[in-house]
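Only one structure is covered here, and it is reproduced in the block below.
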Amino acid sequence: MESQILTLVTFFPLLGIVLMLAIPKNQHDSIKSICLIVSFITMLLSFWMYAMFDPIANGMQFEVDIPWITSLGIHYHMGIDGISLLLIVLTSVLSVLAILSSWISITKAVKGYYISMLLLEVGMIGVFCSLDLFMFYVFWEVMLVPMYFIIGLWGGPRRLYAAIKFVLFTMFGSLLMLVAILYLVFAYQSYSGEYSFDMLKMMELPIAYGPQLYLFGAFALAFAIKVPLFPFHTWLPDAHVQAPTAGSVILAGVLLKMGTYGFVRICLPIFPEATVAYLPYICVLSLIAIIYGALVAMVQKDVKSLVAFSSVSHMGFIMLGIFALNLQGIEGAVLQMINHGVSTGALFLIVGMIYERRHTRLIEEFGGLAKVMPVFATFFMITTLSSIGLPLTNGFVGEFLILLGAFKANTVYGIIAASGVILSACYMLWMYQRVIFGKVTKPENEKLKDVNWREKLILIPLVLIIFWIGVYPKPLLDRIEPAVKQVLTYVSKATTVNIGEGIQIDQARTTDEVEIILGEVDPVKVGSEGMEE
Amino acid sequence: MVPVSAYLIVAIVLFGIGTVGVLISRNMIVMFMCIELMLNAANLALIAFSRSLEVMDGHAFVFLVLTVAAAEAAVGLAIVLAIYRNRETINIDRFSILKW
Amino acid sequence: MSDYLYLIPLFPLIGFLLNGLLLGRLPRVVVNIIACLSVAAAFIISVLVFFELKALPPDVRVIEQTLFTWIPSGILQVNFGLLLDPLSAIMILVVTGVGLIIHIYSIGYIAHDPCFGRFFTYMNLFMFSMLTLVLADNFLFMFVGWEGVGLCSYLLIGFWYHKKSASDAGKKAFIVNRIGDFGFLIGMFIIFWEVGSLEFRVVMEQAPVVFIAGGSLITTICLLLFVGATGKSAQIPLYVWLPDAMEGPTPVSALIHAATMVTAGVYMIARTNVLYMLAPDALMVVAIVGAVTAFFAATIALTQNDIKRVLAYSTVSQLGYMFLACGVASFSAGIFHLMTHSFFKALLFLGAGSVIHAMSDEQDMRRMGGLGKHIKITYITMLVAALTISGIPGFSGFFSKDEILWKSFSSQHGHPIFWVVGFVTAGLTAFYMFRLIYMTFHGKERMDEETRQHIHESSKSMTIPLMVLAVLSVVGGWIGMPHIFGVSNFFEHWLEPVMAGGSYEPVSHALAAGGGDVGMEWGLMAASVALVLVSIYFARTFYKTKPQLATAWRKKMSGLHQVLLNKYYVDEFYGAVIVRPLIVFSLFLWKVVDVILIDGFVNGSALVYEGVSESLRRVQTGRLRSYATLFVFGVVILVAYFVMD
């Protein structure tokens with residue numbers, strides 16, 4: 001049981017799908033209940049997995065490696081490290097909340113909707129568990145299908161446009177990724193004589209500089225579209241605005257993270273030289289995304305597209321953190337992936353709640369909600385502050401580490417990115433002011449009901465997570481750190497790159513030496529402690 | 001001994017008539033008959049080669065083709081009948097629903 | 001007792017949680033008790049730890065307490081750690097003491113507002129943040145309090161959220177503060193990557209080793225930190241939020257925008273004085289900005305008619321004095337003025353609140369007058385405060401302001417010009433303060449009849465805090481009397497362990513040794529007192545005895561008057577140069593870059609496909625016979641190809 005925990009967590013939602021298929025489609029209540037219970041059990045399983053996870057150990061845990069299609073070297077290979085662990089837990093939590101949030105708002109084709117939600121969960125968790133490129137690709141694509149239907153069937157008025165745009169953008173990237181995967185497989189075959197799709201083996205594969213550039217480009221394009229990095233972001237506002245609330249939550253909360261996760265898991269360790277070569281371009285694009293996303297968010301008229309553009313900005317921060325290529329930067333980026341999932345997820349849930357009441361998301365239609373819905377306003381305030389990155393909320397810890405890392409990597413990048421912090425306060429507070437403060441100008445808004453118990457049930461866990469990560473992020477950082485060090489080791493082994501603590505690492509160094517360098521040893525600190533004694 | 005080329009010429013002529021018939025006819029029944037004609041032209045060629053090369057494979061093929069032709073005629077005529085019931089015509093140019 | 005240091009911020013936090021989570025479910029009395037009791041508890045513990053600290057020998061007066069690790073990442077180890085040293089001890093006493101008085105005052109002030117629960121919730125959160133700020137033992141934890149007080153300021157300025165001006169002002173305050181925080185953050189980054197730690201103790205110990213004194217690196221750090229300070233403490237160019245912040249309830253203006261939060265920048269510079277001593281250029285910038293702000297804000301205060309705005313600009317001006325003190329490396333004088341200022345400015349604001357209360361929420365001084373006989377306690381206490389801020393000998397403001405003026409003249413970082421600016425500003429201060437007193441409490445009663453009927457002295461819970469603060473305003477300065485009075489300057493000695501950390505010549509001793517300047521010091525002191533008295537006389541002439549003179553002057557210099565009345569058009573300037581262009585640029589990015597360029601490219605490529613398909617689909621006629629014809633042609637061509645081959 002324990003050794004198969006990953007399989008269990010990944011495929012448990014399938015059980016729900018099977019059960020739902022057996023239920024007539026008009027029995028909405030039992031369909032919803034099954035979906036909720038199954039996703040809830042999946043969440044508990046992921047908590048159990050979190051509890052069993054050894055925070056100190058290096059490398060992958062709960063590894064399963066079974067030959068699957070032997071003639072092509074395809075294995076059923078799963079395993080997680082701290083990064084995937086947290087993302088899986090995030091996925092399972094957000095899935096439960098997303099399902100809860102669609103309880104009333106989804107009225108048509110209920111069965112199909114909830115089946116899609118569970119299938120989506122399988123795809124997302126699968127991506128984070130896979131250590132085999134074939135499986136990774138399959139899960140990557142599997143998740144597209146339910147998302148396509150969720151946007152395209154249960155979305156807003158322009159849902160078809162948005163759904164097709166979403167799928168085309170993603171497919172465009174993932175096809176190039178498939179080509180790159182096949183290239184890697186054949187390269188591995190000519191290197192070692194056998195076919196393999198194994199990610200961990202690919203990390204050991206020496207690849208010439210030229211092909212690395214192309215391969216990195218192909219993977220990076222797929223991931224950058226998913227992130228989405230400027231200028232590949234235009235599918236995001238459309239998809240978010242048209243998707244139903246749960247779709248937006250999952251999209252922002254988890255799907256975007258698959259892009260950044262791909263960078264950390266695949267691009268950095270497998271193509272270290274290319275990473276360094278592409279570094280300036282990606283950093284510049286991230287900076288543009290940070291500033292551009294924030295500025296465009298500022299002038300949006302629709303709350304949801306404002307949050308969508310703020311996602312572009314926040315994801316730019318995460319990309320910058322990853323490509324700072326130092327411990328603080330990547331750790332901050334990984335933590336920020338979780339944070340962004342929580343706070344932007346919460347924002348979308350909140351926007352969904354007022355949409356359910358008023359059937360509009362235009363900022364100008366609101367105003368004065370603080371008087372009518374005080375509890376709602378409080379939740380909104382907390383998530384807004386978390387999104388702004390106020391200390392003691394989760395956003396601050398991630399943003400601080402990212403900026404610290406980016407500043408180390410390149411002073412100018414750090415300064416430009418830090419100015420994004422100012423802008424985020426501008427657009428979020430301005431929006432909050434127009435929606436929540438002021439007088440109640442529209443008569444429709446006067447009779448709005450405050451959040452009910454179901455909505456509180458959705459928001460309270462998120463608020464608790466916001467403060468928990470903000471005040472005590474140590475457990476998460478402890479789990480992220482070994483994994484990030486592992487990634488940095490791969491990056492540094494093949495290249496002469498400054499990986500964080502101000503020490504150049506040469507090609508000749510072994511993994512162990514790098515470990516020491518990456519460790520907490522710091523001359524100044526040691527010196528001062530010595531003085532104390 | 002009739003040379004094999006004579007059989008082939010007959011087969012080609014038959015095939016040509018069938019082809020032209022399919023192309024210019026608008027009546028689905030006529031088109032069906034023309035298709036049968038083409039199939040039989042192929043059959044004739046198969047038999048002719050089979051005889052001249054003195055192998056039996058050709059005969060086997062012919063039986064296969066005949067069976068397929070019979071089945072096809074049955075299904076095809078059923079479709080024609082169904083269409084006729086719906087649309088009161090068997091003019092093939094009236095059925096352009098394939099074009100979107 | 002020092003083990004319970006964490007209780008000082010914890011009590012207000014508990015108060016915040018209780019009041020916040022049970023918002024709307026507690027009766028008014030319970031809310032009041034929770035709010036005030038939590039602050040009172042913090043105050044009592046502060047006093048206890050202060051005496052415990054005092055009992056220690058001067059050179060080991062440091063109590064540290066690490067609660068738990070906050071952010072561990074590689075060599076970055078940030079703790080929730082508290083640090084009590086003479087500097088933070090003064091600060092917690094001021095914060096909890098003045099905070100407690102203002103909390104008690106608020107009970108009466110907010111008595112008629114249905115949102116009292118929310119008010120006290122925010123106030124307690126503010127106390128928690130402010131105490132975190134002053135007790136933090138590292139930059140990042142200080143930043144927690146730093147942003148926390150900014151948040152509370154935002155929430156409390158926009159407390160009456162239904163007023164657009166209030167929520168605008170709150171937002172402005174937050175964003176302008178964020179601009180300052182940006183500098184603070186970058187400064188912190190440089191410090192961390194150079195020193196390898198963010199703990200004050202480590203940074204201060206290492207700084208002289210790591211940084212070259214007077215080098216560009218340390219100057220950059222200090223200037224960046226100072227950017228943070230200008231944001232929080234409302235100095236040029238980021239002062240614009242403070243006058244608008246007067247939209248908040250008056251106790252908030254007293255607590256946050258006069259006594260405590262706005263002084264955080266001064267505290268931060270005093271806390272990092274070791275760094276500043278290594279960067280004389282940065283110190284000079286601090287001094288110049290401080291002096292210019294002091295003068296600039298005082299000139300605006302001359303013409304404002306809103307009683308709270310006068311006080312707001314006065315606060316900006318007084319903060320300028322504190323920065324001037326820090327800039328001439330006389331940090332203890334800055335902190336001393338911070339303390340006395342928090343007494344008398346809180347008193348002024350609370351008095352103004354009492355006036356506004358009496359006047360049925362009227363804030364325009366042109367519609368007041370003659371209130372002195374109706375609300376005697378308010379009048380007398382405010383008069384005490386006005387005498388204090390003007391610097392009448394014997395009152396606390398005199399000692400602190402005089403020390404700053406003297407240091408700006410005599411310190412090795414000082415310059416006579418600084419003294420001249422400070423001197424002129426002192427005159428202006430006395431003038432606008434007495435303008436306020438005369439316009440409000442003397443002369444004709446200019447309010448309408450209905451308001452006049454309702455004029456009443458405030459309740460006990462409001463007047464007692466006024467009286468306490470009045471006493472503090474008078475005696476608060478006696479702990480920091482200058483050496484030339486022949487007494488030991490307790491305040492300066494108390495702060496010495498914190499200030500002497502650097503490798504600079506201790507300013508306090510320089511003065512004690514240089515007895516030759518005593519005559520000069522007496523002279524300058526006499527000059528400033530004389531100027532103050534003259535200014536008060538002018539204010540009396542203009543606004544009490546001969547008001548027509550004021551009108552005549554206003555007409556004569558109407559251009560200058562307009563400029564001052566409109567605050568030098570700085571808000572308009574920022575609006576036209578920064579805010580509008582930014583919004584236009586953002587709209588351009590959205591409508592042009594995003595929609596037309598990028599999406600245009602995306603949709604354009606889709607359109608290209610569509611066009612190609614449109615022409616290709618002509619082949620698909622839907623006619624069986626044309627398909628068959630094509631098919632035959634295809635076969636013929638293929639056969640021909642293979643036959644030819």
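Here, A, B, ... name the chains of the structure tokens in the order displayed, residue numbers run from 1 inside each chain, and ligands are numbered from 1 in the same displayed order.
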What lies within 9 Å of Gly414 of chain C using only C-alpha atoms, ignoring chain neighbours under 6 positions off, as a short mmCIF file (atom, residue, chain, number, x, y, z; two decimals) with N, CA and C atoms, in the first residue's frame?
```
data_model
loop_
_atom_site.label_atom_id
_atom_site.label_comp_id
_atom_site.auth_asym_id
_atom_site.auth_seq_id
_atom_site.Cartn_x
_atom_site.Cartn_y
_atom_site.Cartn_z
N MET C 284 24.23 63.08 4.60
CA MET C 284 23.99 64.44 4.15
C MET C 284 22.66 64.50 3.40
N ALA C 287 19.94 64.59 5.87
CA ALA C 287 19.82 65.89 6.51
C ALA C 287 19.17 66.89 5.57
N GLY C 327 20.32 63.08 10.17
CA GLY C 327 21.25 63.39 9.09
C GLY C 327 22.51 64.06 9.59
N VAL C 328 22.44 64.73 10.74
CA VAL C 328 23.67 65.31 11.28
C VAL C 328 24.27 64.37 12.32
N ALA C 329 23.87 63.08 12.21
CA ALA C 329 24.45 62.02 13.04
C ALA C 329 24.11 62.18 14.50
N LYS C 407 22.56 70.66 17.34
CA LYS C 407 23.37 69.62 16.70
C LYS C 407 23.55 69.90 15.22
N SER C 408 22.49 70.42 14.60
CA SER C 408 22.63 70.69 13.16
C SER C 408 23.65 71.80 12.93
#
```
Fewer than 2 positions away in the same chain doesn't count, so skip those; otherwise give me all residues within 8 Å of segment 40-56 of chain B, counting only C-alpha atoms, as a list in words. Val4, Tyr7, Leu8, Val10, Ala11, Ile12, Leu14, Phe15, Glu36, Leu37, Met38, Gly58, His59, Ala60, Phe61, Val62 and Val65 of chain B
Given a cut-off of 6 Å, which residues of chain C touch chain A, counting only C-alpha atoms, written out as JSON, numbers by chain? {"C": [70, 74, 75, 144, 161, 162, 163, 164, 178, 189, 586, 590]}
Starting from chain B, keep only residues with some atom at most 12 Å from an atom of chain C, counting only C-alpha atoms, and report them as a list in words.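 Putting it all together, I get Phe15, Gly16, Gly18, Thr19, Val20, Gly21, Val22, Leu23, Ile24, Ser25, Arg26, Asn27, Met28, Met31, Ile35, Asn91, Ile92, Asp93, Arg94, Phe95, Ser96, Ile97, Leu98, Lys99 and Trp100 of chain B.
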Pick out the residues sitting within 7 Å of segment 148-150 of chain A, and hand them over as a list in words; count only C-alpha atoms, and ignore anything fewer than 6 positions along from it in its own chain.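 My list of contacting residues is Tyr113, Ala163, Val167, Ala243 and Gly247 of chain A.
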Take atom CA of Gly123 of chain A and atom CA of Trp140 of chain A and report the distance between them in Å, one decimal.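 Those two atoms sit 6.6 Å apart.
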Excluding Val98 of chain C and residues on its chain fewer than 4 positions from it, collect all residues at most 9 Å away from it, counting only C-alpha atoms, and give them as a ChimeraX atom specification. /C:93-94,102-103,255,259-260,342-343,346,469
Go ahead and write the selection's residues with N, CA and C atoms as a CSV table (one decimal), in the first residue's frame.
```
chain,number,residue,atom,x,y,z
C,93,LEU,N,7.8,51.8,24.9
C,93,LEU,CA,7.1,52.6,25.9
C,93,LEU,C,6.2,53.7,25.3
C,94,VAL,N,6.8,54.4,24.3
C,94,VAL,CA,6.1,55.4,23.6
C,94,VAL,C,4.9,54.8,22.9
C,102,ILE,N,-4.6,56.7,23.6
C,102,ILE,CA,-5.4,57.0,22.4
C,102,ILE,C,-6.5,55.9,22.3
C,103,HIS,N,-6.2,54.7,22.7
C,103,HIS,CA,-7.3,53.7,22.8
C,103,HIS,C,-8.4,54.1,23.7
C,255,LEU,N,-2.7,58.5,16.5
C,255,LEU,CA,-1.9,57.3,16.8
C,255,LEU,C,-0.9,57.0,15.7
C,259,ALA,N,1.9,60.0,16.1
C,259,ALA,CA,2.7,59.6,17.2
C,259,ALA,C,3.6,58.4,16.8
C,260,THR,N,3.1,57.4,16.1
C,260,THR,CA,3.9,56.2,16.1
C,260,THR,C,4.3,55.8,14.6
C,342,SER,N,5.7,62.7,19.8
C,342,SER,CA,4.5,61.8,19.9
C,342,SER,C,3.6,62.2,21.0
C,343,PHE,N,4.1,62.8,22.0
C,343,PHE,CA,3.2,63.3,23.1
C,343,PHE,C,2.4,64.5,22.6
C,346,ALA,N,0.2,63.9,19.4
C,346,ALA,CA,-1.0,63.1,19.7
C,346,ALA,C,-2.0,64.0,20.4
C,469,LEU,N,-1.8,63.6,28.4
C,469,LEU,CA,-0.9,63.9,27.4
C,469,LEU,C,-0.3,65.3,27.6
```
Coordinates-based distance that separates atom CA of Phe53 of chain A from atom CA of Ile80 of chain A (Å, one decimal):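 Going from atom CA of Ile80 of chain A over to atom CA of Phe53 of chain A covers 9.2 Å.
Taking atom CA of Ile417 of chain C and atom CA of Asp281 of chain C as the two end points, the separation is 16.6 Å.
By only C-alpha atoms, and with residues fewer than 3 positions from Phe344 of chain C along its chain excluded, the set lying at most 6 Å from it is His341, Leu347, Ala385 and Ser473 of chain C.
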What are the DSSP helix (DSSP H, G or I) residues of segment 358-493 of chain A, as a PyMOL selection string? chain A and resi 358+363-365+369-372+374-388+394-409+411-436+443-447+453-471+474-493
For Leu279 of chain A: contacts at 10 Å, only C-alpha atoms, fewer than 6 positions along chain excluded, given as a ChimeraX atom specification: /A:273,285,320,322-325
Just-selected residues, C-alpha atoms written as a compact mmCIF listing (two decimals), in the first residue's frame:
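Saved to result35.txt:
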```txt
# COMPACT_ATOMS: atom_id res chain seq x y z
CA GLU A 273 24.10 24.33 -21.00
CA LEU A 285 10.56 37.74 -21.04
CA LEU A 320 12.39 34.70 -12.90
CA ILE A 322 13.63 29.58 -11.51
CA PHE A 323 16.05 31.21 -13.89
CA ALA A 324 17.87 33.00 -11.12
CA LEU A 325 19.50 29.56 -10.87
```
Which neighbours of Val286 of chain C fall inside 10 Å, counting only C-alpha atoms, when residues of the same chain fewer than 3 positions from it are skipped, and could you give them as a PDB file with C-alpha atoms, in the first residue's frame?
```pdb
ATOM      1  CA  CYS C 222      21.735  53.739   3.187  1.00  0.00           C
ATOM      2  CA  LEU C 223      20.038  55.740   0.475  1.00  0.00           C
ATOM      3  CA  PHE C 226      16.193  56.029   3.370  1.00  0.00           C
ATOM      4  CA  VAL C 227      13.806  55.712   0.431  1.00  0.00           C
ATOM      5  CA  ALA C 229      11.974  55.836   5.434  1.00  0.00           C
ATOM      6  CA  THR C 230      10.732  58.692   3.244  1.00  0.00           C
ATOM      7  CA  GLN C 235       9.334  62.986   3.570  1.00  0.00           C
ATOM      8  CA  ILE C 269      17.560  55.047  10.594  1.00  0.00           C
ATOM      9  CA  TYR C 276      24.727  55.507   8.212  1.00  0.00           C
ATOM     10  CA  PRO C 280      28.531  60.357   5.276  1.00  0.00           C
ATOM     11  CA  ASP C 281      27.120  61.157   1.839  1.00  0.00           C
ATOM     12  CA  ALA C 282      23.910  59.348   2.669  1.00  0.00           C
ATOM     13  CA  LEU C 283      23.747  61.166   5.964  1.00  0.00           C
ATOM     14  CA  VAL C 289      15.773  66.008   2.743  1.00  0.00           C
ATOM     15  CA  GLY C 290      14.831  66.424   6.376  1.00  0.00           C
ATOM     16  CA  ALA C 291      15.581  70.135   6.443  1.00  0.00           C
ATOM     17  CA  VAL C 292      13.875  70.849   3.136  1.00  0.00           C
ATOM     18  CA  GLY C 320      11.690  66.586   8.803  1.00  0.00           C
ATOM     19  CA  MET C 322      13.845  64.293  13.153  1.00  0.00           C
ATOM     20  CA  PHE C 323      15.511  63.374   9.875  1.00  0.00           C
ATOM     21  CA  LEU C 324      17.591  66.488  10.075  1.00  0.00           C
ATOM     22  CA  ALA C 325      18.770  65.278  13.466  1.00  0.00           C
ATOM     23  CA  CYS C 326      19.580  61.831  12.096  1.00  0.00           C
ATOM     24  CA  GLY C 327      21.251  63.395   9.095  1.00  0.00           C
ATOM     25  CA  VAL C 328      23.670  65.310  11.277  1.00  0.00           C
ATOM     26  CA  ALA C 329      24.446  62.020  13.036  1.00  0.00           C
TER      27      ALA C 329
END
```
